[in-house]
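Next comes protein02.cif, with mmCIF, C-alpha atoms.
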data_model
#
loop_
_atom_site.group_PDB
_atom_site.id
_atom_site.type_symbol
_atom_site.label_atom_id
_atom_site.label_comp_id
_atom_site.auth_asym_id
_atom_site.auth_seq_id
_atom_site.Cartn_x
_atom_site.Cartn_y
_atom_site.Cartn_z
ATOM 1 C CA MET A 108 -16.946 -2.822 -24.395
ATOM 2 C CA THR A 109 -17.612 0.101 -22.084
ATOM 3 C CA GLY A 110 -18.385 -2.464 -19.403
ATOM 4 C CA ALA A 111 -14.852 -3.869 -19.711
ATOM 5 C CA PHE A 112 -13.365 -0.400 -19.179
ATOM 6 C CA VAL A 113 -15.564 0.223 -16.133
ATOM 7 C CA ASP A 114 -14.595 -3.190 -14.756
ATOM 8 C CA GLY A 115 -10.940 -2.266 -15.223
ATOM 9 C CA VAL A 116 -11.444 1.039 -13.405
ATOM 10 C CA VAL A 117 -13.165 -0.698 -10.494
ATOM 11 C CA ALA A 118 -10.432 -3.356 -10.387
ATOM 12 C CA GLY A 119 -7.701 -0.700 -10.493
ATOM 13 C CA TYR A 120 -9.199 1.210 -7.586
ATOM 14 C CA GLY A 121 -9.762 -2.050 -5.751
ATOM 15 C CA VAL A 122 -6.065 -2.868 -5.779
ATOM 16 C CA ALA A 123 -4.819 0.740 -5.359
ATOM 17 C CA VAL A 124 -7.036 2.276 -2.680
ATOM 18 C CA PRO A 125 -6.087 0.135 0.354
ATOM 19 C CA VAL A 126 -3.328 2.085 2.108
ATOM 20 C CA GLY A 127 -0.205 -0.034 2.460
ATOM 21 C CA ALA A 128 3.554 0.314 2.357
ATOM 22 C CA ILE A 129 3.546 1.582 -1.237
ATOM 23 C CA ALA A 130 1.148 4.436 -0.454
ATOM 24 C CA ILE A 131 3.233 5.417 2.574
ATOM 25 C CA LEU A 132 6.378 5.401 0.446
ATOM 26 C CA ILE A 133 4.814 7.639 -2.215
ATOM 27 C CA MET A 134 3.424 10.072 0.352
ATOM 28 C CA GLY A 135 6.669 10.254 2.318
ATOM 29 C CA LEU A 136 8.740 10.647 -0.837
ATOM 30 C CA ALA A 137 6.543 13.489 -2.138
ATOM 31 C CA ALA A 138 6.625 15.189 1.278
ATOM 32 C CA ARG A 139 10.423 15.101 1.452
ATOM 33 C CA THR A 140 11.189 15.956 -2.191
ATOM 34 C CA SER A 141 8.627 17.334 -4.653
ATOM 35 C CA PHE A 142 5.375 16.490 -6.388
ATOM 36 C CA ARG A 143 7.354 15.691 -9.556
ATOM 37 C CA VAL A 144 9.267 12.923 -7.769
ATOM 38 C CA GLY A 145 6.116 11.717 -6.004
ATOM 39 C CA ALA A 146 4.207 11.660 -9.289
ATOM 40 C CA ALA A 147 6.966 9.641 -10.952
ATOM 41 C CA ALA A 148 6.787 7.123 -8.104
ATOM 42 C CA ALA A 149 2.989 7.041 -8.441
ATOM 43 C CA LEU A 150 3.227 6.314 -12.162
ATOM 44 C CA GLY A 151 5.729 3.537 -11.439
ATOM 45 C CA VAL A 152 3.148 1.858 -9.214
ATOM 46 C CA ALA A 153 0.407 2.373 -11.798
ATOM 47 C CA THR A 154 2.652 0.905 -14.513
ATOM 48 C CA ALA A 155 3.176 -2.236 -12.418
ATOM 49 C CA ASP A 156 -0.576 -2.552 -11.854
ATOM 50 C CA GLY A 157 -1.152 -2.105 -15.587
ATOM 51 C CA LEU A 158 1.459 -4.749 -16.430
ATOM 52 C CA TYR A 159 -0.124 -7.216 -14.014
ATOM 53 C CA ALA A 160 -3.573 -6.476 -15.453
ATOM 54 C CA LEU A 161 -2.157 -7.097 -18.949
ATOM 55 C CA ALA A 162 -0.511 -10.333 -17.826
ATOM 56 C CA ALA A 163 -3.807 -11.420 -16.284
ATOM 57 C CA VAL A 164 -5.846 -10.893 -19.441
ATOM 58 C CA VAL A 165 -3.171 -12.546 -21.588
ATOM 59 C CA GLY A 166 -2.230 -15.448 -19.332
ATOM 60 C CA GLY A 167 -5.356 -15.914 -17.253
ATOM 61 C CA ALA A 168 -5.482 -18.838 -14.864
ATOM 62 C CA ALA A 169 -2.310 -20.496 -16.186
ATOM 63 C CA LEU A 170 -0.103 -17.511 -15.348
ATOM 64 C CA ALA A 171 -1.751 -16.961 -11.979
ATOM 65 C CA GLY A 172 -1.131 -20.633 -11.166
ATOM 66 C CA VAL A 173 2.563 -20.249 -11.961
ATOM 67 C CA ILE A 174 2.934 -17.025 -9.967
ATOM 68 C CA GLU A 175 1.050 -18.051 -6.821
ATOM 69 C CA PRO A 176 3.660 -20.586 -5.524
ATOM 70 C CA ALA A 177 6.299 -17.814 -5.683
ATOM 71 C CA ALA A 178 4.210 -15.477 -3.536
ATOM 72 C CA ALA A 179 5.827 -16.484 -0.227
ATOM 73 C CA PRO A 180 9.502 -16.025 -1.226
ATOM 74 C CA LEU A 181 8.718 -12.777 -3.046
ATOM 75 C CA ARG A 182 6.854 -11.543 0.018
ATOM 76 C CA TRP A 183 10.047 -11.981 2.073
ATOM 77 C CA VAL A 184 12.049 -10.140 -0.576
ATOM 78 C CA ALA A 185 9.518 -7.305 -0.360
ATOM 79 C CA VAL A 186 9.847 -7.287 3.450
ATOM 80 C CA ALA A 187 13.641 -7.000 3.171
ATOM 81 C CA VAL A 188 13.367 -4.182 0.624
ATOM 82 C CA LEU A 189 10.854 -2.299 2.783
ATOM 83 C CA LEU A 190 13.027 -2.603 5.881
ATOM 84 C CA GLY A 191 16.021 -1.397 3.896
ATOM 85 C CA LEU A 192 14.076 1.594 2.605
ATOM 86 C CA ALA A 193 12.844 2.415 6.110
ATOM 87 C CA ALA A 194 16.380 2.290 7.509
ATOM 88 C CA ARG A 195 17.779 4.389 4.662
ATOM 89 C CA THR A 196 14.989 6.970 4.971
ATOM 90 C CA ALA A 197 15.553 7.399 8.708
ATOM 91 C CA TYR A 198 19.362 7.454 8.409
ATOM 92 C CA THR A 199 19.320 9.977 5.558
ATOM 93 C CA ALA A 200 16.799 12.189 7.360
ATOM 94 C CA VAL A 201 18.951 12.318 10.506
ATOM 95 C CA ARG A 202 22.109 13.098 8.507
ATOM 96 C CA HIS A 203 20.352 15.851 6.570
ATOM 97 C CA HIS A 204 18.928 17.306 9.768
ATOM 98 C CA ARG A 205 22.416 17.509 11.264
ATOM 99 C CA ASP A 206 23.919 18.850 8.035
ATOM 100 C CA PRO A 207 21.319 20.860 6.038
ATOM 101 C CA ALA A 208 23.872 21.564 3.301
ATOM 102 C CA ARG A 209 24.014 17.833 2.582
ATOM 103 C CA ALA A 210 20.285 17.784 1.823
ATOM 104 C CA ALA A 211 20.749 20.411 -0.859
ATOM 105 C CA ARG A 212 23.556 18.395 -2.468
ATOM 106 C CA SER A 213 21.960 14.974 -2.157
ATOM 107 C CA ASP A 214 20.297 13.257 -5.077
ATOM 108 C CA ALA A 215 20.630 9.696 -3.798
ATOM 109 C CA GLY A 216 18.095 6.950 -3.305
ATOM 110 C CA LEU A 217 14.707 7.686 -4.832
ATOM 111 C CA ALA A 218 15.136 11.474 -4.845
ATOM 112 C CA SER A 219 14.929 11.875 -8.641
ATOM 113 C CA PRO A 220 11.911 11.169 -10.890
ATOM 114 C CA VAL A 221 13.652 8.405 -12.860
ATOM 115 C CA ARG A 222 14.871 6.615 -9.736
ATOM 116 C CA ALA A 223 11.516 7.043 -8.024
ATOM 117 C CA TYR A 224 9.673 5.592 -11.033
ATOM 118 C CA ALA A 225 12.038 2.626 -11.402
ATOM 119 C CA GLY A 226 12.203 1.950 -7.667
ATOM 120 C CA LEU A 227 8.457 1.917 -7.085
ATOM 121 C CA LEU A 228 7.854 -0.054 -10.294
ATOM 122 C CA GLY A 229 10.250 -2.753 -9.089
ATOM 123 C CA LEU A 230 8.901 -2.811 -5.555
ATOM 124 C CA THR A 231 5.284 -3.073 -6.737
ATOM 125 C CA LEU A 232 6.202 -5.923 -9.074
ATOM 126 C CA LEU A 233 7.370 -7.853 -6.000
ATOM 127 C CA ASN A 234 3.703 -8.316 -5.079
ATOM 128 C CA PRO A 235 2.645 -11.210 -7.346
ATOM 129 C CA MET A 236 -0.758 -11.512 -5.689
ATOM 130 C CA THR A 237 -1.807 -8.511 -7.771
ATOM 131 C CA ILE A 238 -1.851 -10.710 -10.866
ATOM 132 C CA VAL A 239 -3.865 -13.337 -9.006
ATOM 133 C CA TYR A 240 -6.355 -10.595 -8.105
ATOM 134 C CA PHE A 241 -6.658 -9.326 -11.670
ATOM 135 C CA GLY A 242 -6.677 -12.866 -13.060
ATOM 136 C CA ALA A 243 -9.600 -13.870 -10.860
ATOM 137 C CA LEU A 244 -11.580 -10.821 -11.997
ATOM 138 C CA VAL A 245 -10.816 -11.442 -15.666
ATOM 139 C CA LEU A 246 -11.684 -15.132 -15.461
ATOM 140 C CA GLY A 247 -14.891 -14.349 -13.597
ATOM 141 C CA ARG A 248 -15.947 -11.883 -16.270
ATOM 142 C CA GLN A 249 -15.007 -14.238 -19.092
ATOM 143 C CA ALA A 250 -17.146 -16.929 -17.510
ATOM 144 C CA ALA A 251 -20.151 -14.655 -17.856
ATOM 145 C CA GLU A 252 -19.190 -12.820 -21.047
ATOM 146 C CA SER A 253 -16.236 -13.466 -23.344
ATOM 147 C CA LEU A 254 -13.831 -10.534 -23.594
ATOM 148 C CA SER A 255 -12.735 -9.470 -27.076
ATOM 149 C CA ALA A 256 -9.242 -8.149 -27.736
ATOM 150 C CA GLY A 257 -10.647 -4.623 -27.582
ATOM 151 C CA GLY A 258 -12.387 -5.396 -24.303
ATOM 152 C CA GLU A 259 -9.161 -6.736 -22.828
ATOM 153 C CA ALA A 260 -7.312 -3.575 -23.877
ATOM 154 C CA LEU A 261 -10.020 -1.408 -22.293
ATOM 155 C CA PHE A 262 -9.859 -3.449 -19.085
ATOM 156 C CA VAL A 263 -6.085 -2.907 -18.835
ATOM 157 C CA ALA A 264 -6.430 0.807 -19.671
ATOM 158 C CA GLY A 265 -9.119 1.229 -17.026
ATOM 159 C CA ALA A 266 -7.011 -0.511 -14.396
ATOM 160 C CA PHE A 267 -3.947 1.603 -15.221
ATOM 161 C CA LEU A 268 -5.827 4.920 -15.254
ATOM 162 C CA ALA A 269 -7.616 4.160 -11.980
ATOM 163 C CA SER A 270 -4.392 3.175 -10.253
ATOM 164 C CA ALA A 271 -2.548 6.204 -11.659
ATOM 165 C CA SER A 272 -5.254 8.645 -10.576
ATOM 166 C CA TRP A 273 -5.289 7.306 -7.010
ATOM 167 C CA GLN A 274 -1.510 7.173 -6.661
ATOM 168 C CA LEU A 275 -1.276 10.770 -7.932
ATOM 169 C CA VAL A 276 -3.782 11.835 -5.264
ATOM 170 C CA ILE A 277 -1.523 10.215 -2.677
ATOM 171 C CA ALA A 278 1.515 12.018 -4.123
ATOM 172 C CA GLY A 279 -0.382 15.305 -4.015
ATOM 173 C CA SER A 280 -1.319 14.692 -0.393
ATOM 174 C CA GLY A 281 2.313 14.029 0.442
ATOM 175 C CA THR A 282 3.383 17.252 -1.282
ATOM 176 C CA LEU A 283 0.805 19.195 0.741
ATOM 177 C CA VAL A 284 2.125 17.660 3.957
ATOM 178 C CA GLY A 285 5.645 18.588 2.886
ATOM 179 C CA ARG A 286 4.628 22.229 2.346
ATOM 180 C CA LEU A 287 2.986 22.374 5.745
ATOM 181 C CA LEU A 288 6.148 20.931 7.330
ATOM 182 C CA THR A 289 8.780 22.910 5.476
ATOM 183 C CA GLY A 290 11.143 23.391 8.415
ATOM 184 C CA PRO A 291 14.039 21.033 9.167
ATOM 185 C CA ARG A 292 12.254 19.565 12.196
ATOM 186 C CA GLY A 293 9.062 19.024 10.218
ATOM 187 C CA ARG A 294 10.877 17.177 7.457
ATOM 188 C CA LEU A 295 12.790 15.087 9.985
ATOM 189 C CA ALA A 296 9.532 14.178 11.742
ATOM 190 C CA THR A 297 7.876 13.318 8.413
ATOM 191 C CA ALA A 298 10.756 11.029 7.427
ATOM 192 C CA LEU A 299 10.898 9.270 10.802
ATOM 193 C CA VAL A 300 7.121 8.730 10.910
ATOM 194 C CA SER A 301 7.253 7.409 7.353
ATOM 195 C CA SER A 302 10.077 5.013 8.313
ATOM 196 C CA ALA A 303 8.177 3.763 11.354
ATOM 197 C CA LEU A 304 5.047 3.148 9.292
ATOM 198 C CA ILE A 305 7.046 1.278 6.642
ATOM 199 C CA VAL A 306 8.587 -0.950 9.324
ATOM 200 C CA ALA A 307 5.127 -1.666 10.745
ATOM 201 C CA LEU A 308 3.753 -2.490 7.311
ATOM 202 C CA ALA A 309 6.771 -4.692 6.550
ATOM 203 C CA ALA A 310 6.052 -6.596 9.782
ATOM 204 C CA GLY A 311 2.438 -6.950 8.730
ATOM 205 C CA THR A 312 3.540 -8.274 5.341
ATOM 206 C CA ALA A 313 5.831 -10.806 7.003
ATOM 207 C CA LEU A 314 3.064 -12.037 9.295
ATOM 208 C CA SER A 315 0.346 -12.187 6.621
#
Can you give me the file's structure in the form of structure tokens?
Amino acid sequence: MTGAFVDGVVAGYGVAVPVGAIAILIMGLAARTSFRVGAAAALGVATADGLYALAAVVGGAALAGVIEPAAAPLRWVAVAVLLGLAARTAYTAVRHHRDPARAARSDAGLASPVRAYAGLLGLTLLNPMTIVYFGALVLGRQAAESLSAGGEALFVAGAFLASASWQLVIAGSGTLVGRLLTGPRGRLATALVSSALIVALAAGTALS
């Protein structure tokens, strides 16, 4: 059963490591707020990956077949959400730069751990191709060697832990960037760069 756990770890890193809009969001959020908020966002992403891994081992090909036709409409929903987040990030950053006192009072958007966790969990769940990815891996392994219930649990645990560890590294990197750019101009630049990258990644999602 150790092999199932290792497979889950490899699968979790496989889906988590490619830098996309989610990674940029986590890094930018941690840079502008704190590691605690960034870590909560990271765990929200890891939870979504774990849920999709669980759905894959439980539902297998049948569930992946149901999800795949919805990929296109959900992709456009994700694009709209990303563009909205980019616009809000830029707008809020400019307002806070002009009125620093507002930044100290503000707790809107994803600026609290609970909101960051829920927001990134929901946004990550808008990517149904993750379950197709995990489902293909599970079905491929079952074709060679049947997974027991314990093996399935270890696969899901491995996927969750791998995703969580990588997302936390990203959050830590964002916090480090935030400490290096502690001045008002640095934080404004960080937010605007993050917004621009999110817009670019949203465009890439729309065109994919």
### Query
Interatomic distance between atom CA of Ala160 of chain A and atom CA of Leu233 of chain A?
14.5 Å
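For the pair atom CA of Gly229 of chain A and atom CA of Ala303 of chain A, the interatomic distance is 21.6 Å.
The gap separating atom CA of Leu230 of chain A from atom CA of Val284 of chain A is 23.6 Å, in Å to one decimal.
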### Query
From the set A:Thr196, A:Ser270, A:Thr140, A:Thr154, which residue has the shortest atom-to-atom contact distance to Val300 of chain A, counting only C-alpha atoms?
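Of the candidates, the smallest distance to Val300 of chain A is held by A:Thr196.
When the PyMOL selection byres ((chain A and resi 269) around 9) is run on the displayed coordinates, the residues it returns are Gly115, Val116, Val117, Ala118, Gly119, Tyr120, Ala123, Ala153, Ala264, Gly265, Ala266, Phe267, Leu268, Ser270, Ala271, Ser272, Trp273 and Gln274 of chain A.
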#### Entry: Gly311 of chain A surroundings by all atoms listed in the file, 10 Å radius, close-in-sequence under 5 positions cut, as a list in words
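With the cut-off at 10 Å, the set is Gly127, Ala128, Val186, Ile305 and Val306 of chain A.
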### Query
Taking the file as shown, what set of residues would the PyMOL selection byres ((chain A and resi 276) around 12) give back, as a VMD selection string?
chain A and resid 123 to 124 130 133 to 134 137 142 145 to 146 148 to 150 269 to 275 277 to 283
Convert the current residue selection to file output with C-alpha atoms, as an mmCIF file, in the frame of the given file.
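result.cif, freshly written:
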data_model
loop_
_atom_site.group_PDB
_atom_site.id
_atom_site.type_symbol
_atom_site.label_atom_id
_atom_site.label_comp_id
_atom_site.auth_asym_id
_atom_site.auth_seq_id
_atom_site.Cartn_x
_atom_site.Cartn_y
_atom_site.Cartn_z
ATOM 1 C CA ALA A 123 -4.819 0.740 -5.359
ATOM 2 C CA VAL A 124 -7.036 2.276 -2.680
ATOM 3 C CA ALA A 130 1.148 4.436 -0.454
ATOM 4 C CA ILE A 133 4.814 7.639 -2.215
ATOM 5 C CA MET A 134 3.424 10.072 0.352
ATOM 6 C CA ALA A 137 6.543 13.489 -2.138
ATOM 7 C CA PHE A 142 5.375 16.490 -6.388
ATOM 8 C CA GLY A 145 6.116 11.717 -6.004
ATOM 9 C CA ALA A 146 4.207 11.660 -9.289
ATOM 10 C CA ALA A 148 6.787 7.123 -8.104
ATOM 11 C CA ALA A 149 2.989 7.041 -8.441
ATOM 12 C CA LEU A 150 3.227 6.314 -12.162
ATOM 13 C CA ALA A 269 -7.616 4.160 -11.980
ATOM 14 C CA SER A 270 -4.392 3.175 -10.253
ATOM 15 C CA ALA A 271 -2.548 6.204 -11.659
ATOM 16 C CA SER A 272 -5.254 8.645 -10.576
ATOM 17 C CA TRP A 273 -5.289 7.306 -7.010
ATOM 18 C CA GLN A 274 -1.510 7.173 -6.661
ATOM 19 C CA LEU A 275 -1.276 10.770 -7.932
ATOM 20 C CA ILE A 277 -1.523 10.215 -2.677
ATOM 21 C CA ALA A 278 1.515 12.018 -4.123
ATOM 22 C CA GLY A 279 -0.382 15.305 -4.015
ATOM 23 C CA SER A 280 -1.319 14.692 -0.393
ATOM 24 C CA GLY A 281 2.313 14.029 0.442
ATOM 25 C CA THR A 282 3.383 17.252 -1.282
ATOM 26 C CA LEU A 283 0.805 19.195 0.741
#
### Query
What do you get, as a VMD selection string, if you spell out every residue that the PyMOL selection byres ((chain A and resi 259) around 10) selects here?
chain A and resid 108 111 to 112 115 160 to 161 163 to 165 245 253 to 258 260 to 265
Now that the selection is made, can you save its residues with C-alpha atoms as a CSV table (one decimal), keeping the file's coordinate frame?
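Here's the written file out_27.csv:
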chain,number,residue,atom,x,y,z
A,108,MET,CA,-16.9,-2.8,-24.4
A,111,ALA,CA,-14.9,-3.9,-19.7
A,112,PHE,CA,-13.4,-0.4,-19.2
A,115,GLY,CA,-10.9,-2.3,-15.2
A,160,ALA,CA,-3.6,-6.5,-15.5
A,161,LEU,CA,-2.2,-7.1,-18.9
A,163,ALA,CA,-3.8,-11.4,-16.3
A,164,VAL,CA,-5.8,-10.9,-19.4
A,165,VAL,CA,-3.2,-12.5,-21.6
A,245,VAL,CA,-10.8,-11.4,-15.7
A,253,SER,CA,-16.2,-13.5,-23.3
A,254,LEU,CA,-13.8,-10.5,-23.6
A,255,SER,CA,-12.7,-9.5,-27.1
A,256,ALA,CA,-9.2,-8.1,-27.7
A,257,GLY,CA,-10.6,-4.6,-27.6
A,258,GLY,CA,-12.4,-5.4,-24.3
A,260,ALA,CA,-7.3,-3.6,-23.9
A,261,LEU,CA,-10.0,-1.4,-22.3
A,262,PHE,CA,-9.9,-3.4,-19.1
A,263,VAL,CA,-6.1,-2.9,-18.8
A,264,ALA,CA,-6.4,0.8,-19.7
A,265,GLY,CA,-9.1,1.2,-17.0
### Query
Which neighbours of Arg195 of chain A fall inside 9 Å, counting only C-alpha atoms, when residues of the same chain fewer than 4 positions from it are skipped, and could you give them as a PyMOL selection string?
chain A and resi 190-191+199-200+216+302
